[in-house]
Amino acid sequence: MFKISTTPHINSPVTTQSLMRDVLIALTPAIIVSLLMFGINALRVLLTSVAACVMFEYLITRYLLKTQNTTSDLSAVITGVLLAFNLPSSMPAWMILIGAFVAIGIAKMAFGGLGKNIFNPALVGRVFLFISFPVQMTQWPKPDFLNFMNTDTVTSATTLGILKHIDVSSSASIKASQVSLTELPNYWQMLIGDTGGCIGEVSALALFIGLIYMLLRRVITWHIPFYYVATFFILTAITWFNTDNIHFEPITNILSGGLLLGAFFMATDYVTSPMTRQGQIIFAVGCGILTYIIRFYSAYPEGVSFAILIMNAFVPLIDKFTPQRVYGTKRK
């Protein structure tokens with residue numbers, strides 16, 4: 001039976017599966033870096049997260065919703081990879097299972113599945129784990145390049161964690177602050193991933209390679225990544241120049257933490273971001289402002305996950321006030 005709808009009719013070879021496949025290819029450089037830096041533990045986290053997300057989606061569609069199996073569209077695989085990317089390599093498997101269930105079962109399937117969820121599933125899983133298991137979520141194994149079979153957990157501070165605890169306001173803390181400053185990784189270390197952090201966020205270079213691939217393949221547009229990072233950069237640069245406070249040094253803050261991972265791969269999610277270019281810019285600027293506020297004026301050294309989830313909640317409102325132009329009408 002043919003389905004007849006109103007014009008215009010657009011035929012495209014692009015499918016959900018092909019889009020997800022491109023995103024998975026774009027994530028591959030960061031996957032490789034995570035394996036090189038964190039070894040078998042990173043592989044364990046990745047495989048556990050992906051397998052759990054696929055399993056939960058299959059079980060929910062088959063036995064609860066009793067609908068067609070949707071795991072073949074690879075969206076659950078992407079959620080699993082992104083959830084793993086937001087976890088330390090020392091994360092216990094049973095906690096990863098909980099995070100995967102929250103991401104798939106609550107943040108995605110409870111809303112009806114792909115295309116209907118309000119919040120980014122991987123970030124919901126990550127924030128749930130962060131709130132529920134703060135100790136395990138803030139233990140950062142030190143990178144051990146090419147030592148793949150190393151299972152020993154030697155913790156190290158993240159770049160943002162070091163910056164957060166540097167006290168530049170007290171003369172009594174100058175000596176301690178100088179020691180902390182010597183522990184800060186340089187730009188090259190942050191580019192290649194030789195620093196503590198979640199397994200998918202440590203290498204800025206790998207994330208940039210993934211971004212370039214998605215732009216060339218037209219999986220995403222440049223608007224959200226650019227305006228998100230640019231907004232955060234401008235705010236931190238202005239504060240840095242006015243205060244000369246190392247906390248706000250913009251390049252270090254951009255290359256460290258989850259900013260690039262969030263801006264490139266999670267804020268750009270089709271389902272949870274605005275449809276129009278104007279709306280995407282508003283969304284991205286809001287993410288940048290909230291990330292700046294949470295990072296520097298809250299107890300948390302990071303703010304990307306909360307910023308994106310908060311802006312996810314405003315997407316319906318943004319779409320309402322930035323509607324798409326009706327086909328055949330003139331732009332106002």
# chains A, B, ... in the order shown; residues from 1 in each chain; ligands from 1
>>> residues_around(residues="segment 20-29 of chain A", least_positions_apart="4", cutoff="8 Å", atoms="only C-alpha atoms", output="PyMOL selection string")
chain A and resi 16+33+73-75+78+206-207+209-211+213-214+217+219
>>> residues_around(residues="segment 88-103 of chain A", least_positions_apart="2", cutoff="6 Å", atoms="only C-alpha atoms", output="list in words")
Asn41, Ala42, Ala52, Cys53, Gly105, Ile106, Ala107, Pro121, Ala122, Val124, Gly125, Trp140, Cys198 and Ile199 of chain A
>>> write_last_selection(atoms="all heavy atoms", output="compact mmCIF listing (two decimals), in the first residue's frame")
# COMPACT_ATOMS: atom_id res chain seq x y z
N ASN A 41 40.95 -1.53 30.73
CA ASN A 41 39.85 -0.99 31.53
C ASN A 41 38.91 -0.14 30.68
O ASN A 41 37.69 -0.18 30.87
CB ASN A 41 40.40 -0.16 32.69
CG ASN A 41 40.93 -1.03 33.82
OD1 ASN A 41 40.41 -2.11 34.06
ND2 ASN A 41 41.97 -0.58 34.48
N ALA A 42 39.47 0.65 29.76
CA ALA A 42 38.63 1.44 28.86
C ALA A 42 37.81 0.53 27.96
O ALA A 42 36.63 0.79 27.70
CB ALA A 42 39.50 2.38 28.02
N ALA A 52 25.11 -3.27 27.33
CA ALA A 52 23.98 -3.03 28.23
C ALA A 52 22.91 -2.17 27.57
O ALA A 52 21.71 -2.45 27.68
CB ALA A 52 24.47 -2.37 29.51
N CYS A 53 23.32 -1.13 26.86
CA CYS A 53 22.35 -0.25 26.19
C CYS A 53 21.58 -1.01 25.11
O CYS A 53 20.35 -0.88 25.00
CB CYS A 53 23.07 0.96 25.58
SG CYS A 53 23.60 2.19 26.80
N GLY A 105 16.27 2.97 29.39
CA GLY A 105 14.94 2.68 29.90
C GLY A 105 14.16 3.90 30.32
O GLY A 105 12.95 3.99 30.05
N ILE A 106 14.82 4.85 30.98
CA ILE A 106 14.12 6.02 31.50
C ILE A 106 14.21 7.22 30.57
O ILE A 106 13.19 7.84 30.23
CB ILE A 106 14.66 6.38 32.91
CG1 ILE A 106 14.42 5.22 33.87
CG2 ILE A 106 14.04 7.66 33.42
CD1 ILE A 106 14.98 5.42 35.25
N ALA A 107 15.42 7.55 30.13
CA ALA A 107 15.59 8.77 29.33
C ALA A 107 15.16 8.62 27.88
O ALA A 107 14.87 9.61 27.22
CB ALA A 107 17.06 9.22 29.39
N PRO A 121 19.97 10.89 26.28
CA PRO A 121 20.00 9.71 27.15
C PRO A 121 21.34 9.47 27.82
O PRO A 121 21.39 9.14 29.01
CB PRO A 121 19.65 8.57 26.18
CG PRO A 121 18.90 9.22 25.07
CD PRO A 121 19.52 10.57 24.92
N ALA A 122 22.44 9.61 27.08
CA ALA A 122 23.76 9.35 27.66
C ALA A 122 24.06 10.31 28.81
O ALA A 122 24.63 9.90 29.83
CB ALA A 122 24.83 9.46 26.58
N VAL A 124 21.80 11.84 30.70
CA VAL A 124 20.93 11.49 31.84
C VAL A 124 21.56 10.34 32.63
O VAL A 124 21.60 10.38 33.87
CB VAL A 124 19.52 11.10 31.34
CG1 VAL A 124 18.68 10.57 32.51
CG2 VAL A 124 18.83 12.29 30.71
N GLY A 125 22.06 9.32 31.92
CA GLY A 125 22.73 8.22 32.60
C GLY A 125 23.95 8.68 33.35
O GLY A 125 24.21 8.25 34.49
N TRP A 140 39.91 9.22 38.98
CA TRP A 140 40.42 9.31 37.62
C TRP A 140 41.74 8.56 37.48
O TRP A 140 42.78 9.05 37.94
CB TRP A 140 40.62 10.78 37.24
CG TRP A 140 39.46 11.64 37.58
CD1 TRP A 140 39.38 12.58 38.57
CD2 TRP A 140 38.18 11.65 36.93
NE1 TRP A 140 38.15 13.16 38.58
CE2 TRP A 140 37.39 12.61 37.58
CE3 TRP A 140 37.64 10.92 35.86
CZ2 TRP A 140 36.09 12.87 37.21
CZ3 TRP A 140 36.35 11.18 35.48
CH2 TRP A 140 35.58 12.14 36.14
N CYS A 198 37.44 11.46 32.11
CA CYS A 198 36.61 10.42 31.50
C CYS A 198 37.28 9.92 30.23
O CYS A 198 38.00 10.67 29.56
CB CYS A 198 35.23 10.97 31.18
SG CYS A 198 34.29 11.49 32.63
N ILE A 199 37.03 8.66 29.88
CA ILE A 199 37.83 8.03 28.83
C ILE A 199 37.64 8.66 27.46
O ILE A 199 38.53 8.59 26.61
CB ILE A 199 37.54 6.52 28.75
CG1 ILE A 199 36.10 6.25 28.31
CG2 ILE A 199 37.83 5.84 30.07
CD1 ILE A 199 35.81 4.79 28.08
>>> closest_residue(among="A:Tyr187, A:Tyr297, A:Trp240, A:Phe306", to="Leu255 of chain A", atoms="only C-alpha atoms")
A:Tyr187
>>> select_by_dssp(residues="segment 96-290 of chain A", states="helix (DSSP H, G or I)", output="PyMOL selection string")
chain A and resi 96-106+109-111+121-132+134-137+159-164+171-183+187-192+204-216+223-243+246-248+250-255+259-266+277-290
>>> atom_distance(atom1="atom CA of Ile254 of chain A", atom2="atom CA of Val77 of chain A")
27.0 Å
>>> closest_residue(among="A:Ile238, A:Ile293, A:Leu129, A:Ile318", to="Thr276 of chain A", atoms="only C-alpha atoms")
A:Ile318
>>> residues_around(residues="Thr70 of chain A", least_positions_apart="4", cutoff="12 Å", atoms="only C-alpha atoms", output="ChimeraX atom specification")
/A:16-17,53-62,65-66,74-77,104,109,112-115
>>> write_last_selection(atoms="C-alpha atoms", output="tab-separated table (two decimals), in the first residue's frame")
chain	number	residue	atom	x	y	z
A	16	THR	CA	18.94	6.70	10.83
A	17	GLN	CA	21.34	3.79	10.60
A	53	CYS	CA	22.35	-0.25	26.19
A	54	VAL	CA	21.62	-2.59	23.28
A	55	MET	CA	20.31	-5.29	25.64
A	56	PHE	CA	17.99	-2.95	27.53
A	57	GLU	CA	16.58	-1.46	24.33
A	58	TYR	CA	15.95	-4.93	22.90
A	59	LEU	CA	14.25	-6.20	26.06
A	60	ILE	CA	12.08	-3.10	26.45
A	61	THR	CA	10.91	-3.04	22.83
A	62	ARG	CA	10.23	-6.78	22.77
A	65	LEU	CA	6.43	-1.99	24.53
A	66	LYS	CA	5.92	-5.05	22.28
A	74	LEU	CA	22.57	1.78	15.99
A	75	SER	CA	21.19	4.55	18.20
A	76	ALA	CA	21.57	2.35	21.28
A	77	VAL	CA	25.19	1.67	20.30
A	104	ILE	CA	17.85	3.67	27.70
A	109	MET	CA	12.25	4.32	25.89
A	112	GLY	CA	8.56	6.32	23.31
A	113	GLY	CA	11.97	5.60	21.85
A	114	LEU	CA	14.22	7.32	19.34
A	115	GLY	CA	12.95	10.70	18.22
>>> atom_distance(atom1="atom CA of Leu205 of chain A", atom2="atom CA of Thr268 of chain A")
18.5 Å
>>> residues_around(residues="segment 222-225 of chain A", least_positions_apart="3", cutoff="6 Å", atoms="only C-alpha atoms", output="VMD selection string")
chain A and resid 228 263 to 264 280 284
>>> residues_around(residues="Leu261 of chain A", least_positions_apart="2", cutoff="9 Å", atoms="only C-alpha atoms", output="PyMOL selection string")
chain A and resi 82+85-86+200-201+204+207+257-259+263-267
>>> write_last_selection(atoms="N, CA and C atoms", output="compact mmCIF listing (two decimals), in the first residue's frame")
# COMPACT_ATOMS: atom_id res chain seq x y z
N LEU A 82 28.69 6.91 24.05
CA LEU A 82 28.73 8.23 24.68
C LEU A 82 28.62 8.13 26.20
N PHE A 85 32.00 7.15 27.31
CA PHE A 85 32.91 8.28 27.17
C PHE A 85 32.82 9.24 28.35
N ASN A 86 31.68 9.22 29.06
CA ASN A 86 31.48 10.11 30.19
C ASN A 86 31.79 9.45 31.53
N GLY A 200 36.50 9.30 27.22
CA GLY A 200 36.26 9.85 25.89
C GLY A 200 36.53 11.32 25.75
N GLU A 201 36.87 12.00 26.85
CA GLU A 201 37.02 13.45 26.79
C GLU A 201 38.47 13.92 26.82
N ALA A 204 41.56 16.17 22.99
CA ALA A 204 40.89 17.19 22.19
C ALA A 204 41.12 16.98 20.71
N LEU A 207 38.76 14.40 19.26
CA LEU A 207 37.41 14.94 19.15
C LEU A 207 37.29 15.90 17.97
N GLY A 257 38.29 18.69 30.29
CA GLY A 257 36.92 18.42 30.67
C GLY A 257 36.08 17.93 29.49
N GLY A 258 34.79 17.99 29.66
CA GLY A 258 33.87 17.45 28.65
C GLY A 258 33.31 18.47 27.69
N LEU A 259 33.89 19.66 27.63
CA LEU A 259 33.32 20.72 26.78
C LEU A 259 33.27 20.31 25.31
N ALA A 263 29.97 19.55 23.21
CA ALA A 263 29.63 20.47 22.13
C ALA A 263 29.56 19.77 20.78
N PHE A 264 30.44 18.80 20.55
CA PHE A 264 30.52 18.14 19.25
C PHE A 264 29.53 16.99 19.09
N PHE A 265 29.33 16.21 20.15
CA PHE A 265 28.61 14.95 20.00
C PHE A 265 27.30 14.84 20.76
N MET A 266 27.07 15.69 21.76
CA MET A 266 25.84 15.55 22.54
C MET A 266 24.91 16.74 22.42
N ALA A 267 25.46 17.94 22.38
CA ALA A 267 24.59 19.10 22.15
C ALA A 267 24.03 19.10 20.74
>>> select_by_dssp(residues="segment 98-290 of chain A", states="strand (DSSP E or B)", output="NGL selection string")
:A and (141 or 155 or 158 or 196)
>>> write_last_selection(atoms="all heavy atoms", output="short mmCIF file (atom, residue, chain, number, x, y, z; two decimals), in the first residue's frame")
data_model
loop_
_atom_site.label_atom_id
_atom_site.label_comp_id
_atom_site.auth_asym_id
_atom_site.auth_seq_id
_atom_site.Cartn_x
_atom_site.Cartn_y
_atom_site.Cartn_z
N PRO A 141 41.72 7.36 36.89
CA PRO A 141 42.97 6.64 36.67
C PRO A 141 43.93 7.44 35.79
O PRO A 141 43.53 8.10 34.85
CB PRO A 141 42.51 5.36 35.96
CG PRO A 141 41.10 5.19 36.39
CD PRO A 141 40.54 6.58 36.51
N THR A 155 45.35 6.73 40.59
CA THR A 155 44.49 7.88 40.34
C THR A 155 45.32 9.15 40.14
O THR A 155 46.43 9.28 40.65
CB THR A 155 43.51 8.09 41.50
OG1 THR A 155 44.25 8.28 42.72
CG2 THR A 155 42.59 6.90 41.64
N THR A 158 42.15 15.57 37.55
CA THR A 158 41.86 16.13 36.23
C THR A 158 42.35 17.56 36.17
O THR A 158 42.60 18.21 37.20
CB THR A 158 40.36 16.10 35.94
OG1 THR A 158 39.68 16.96 36.88
CG2 THR A 158 39.81 14.68 36.08
N GLY A 196 44.28 12.96 33.14
CA GLY A 196 43.18 12.26 33.77
C GLY A 196 41.84 12.79 33.32
O GLY A 196 41.71 13.95 32.91
#
>>> atom_distance(atom1="atom CA of Thr48 of chain A", atom2="atom CA of Leu36 of chain A")
18.1 Å
>>> closest_residue(among="A:Arg218, A:Gln324, A:Val127, A:Thr138", to="Ala307 of chain A", atoms="only C-alpha atoms")
A:Val127
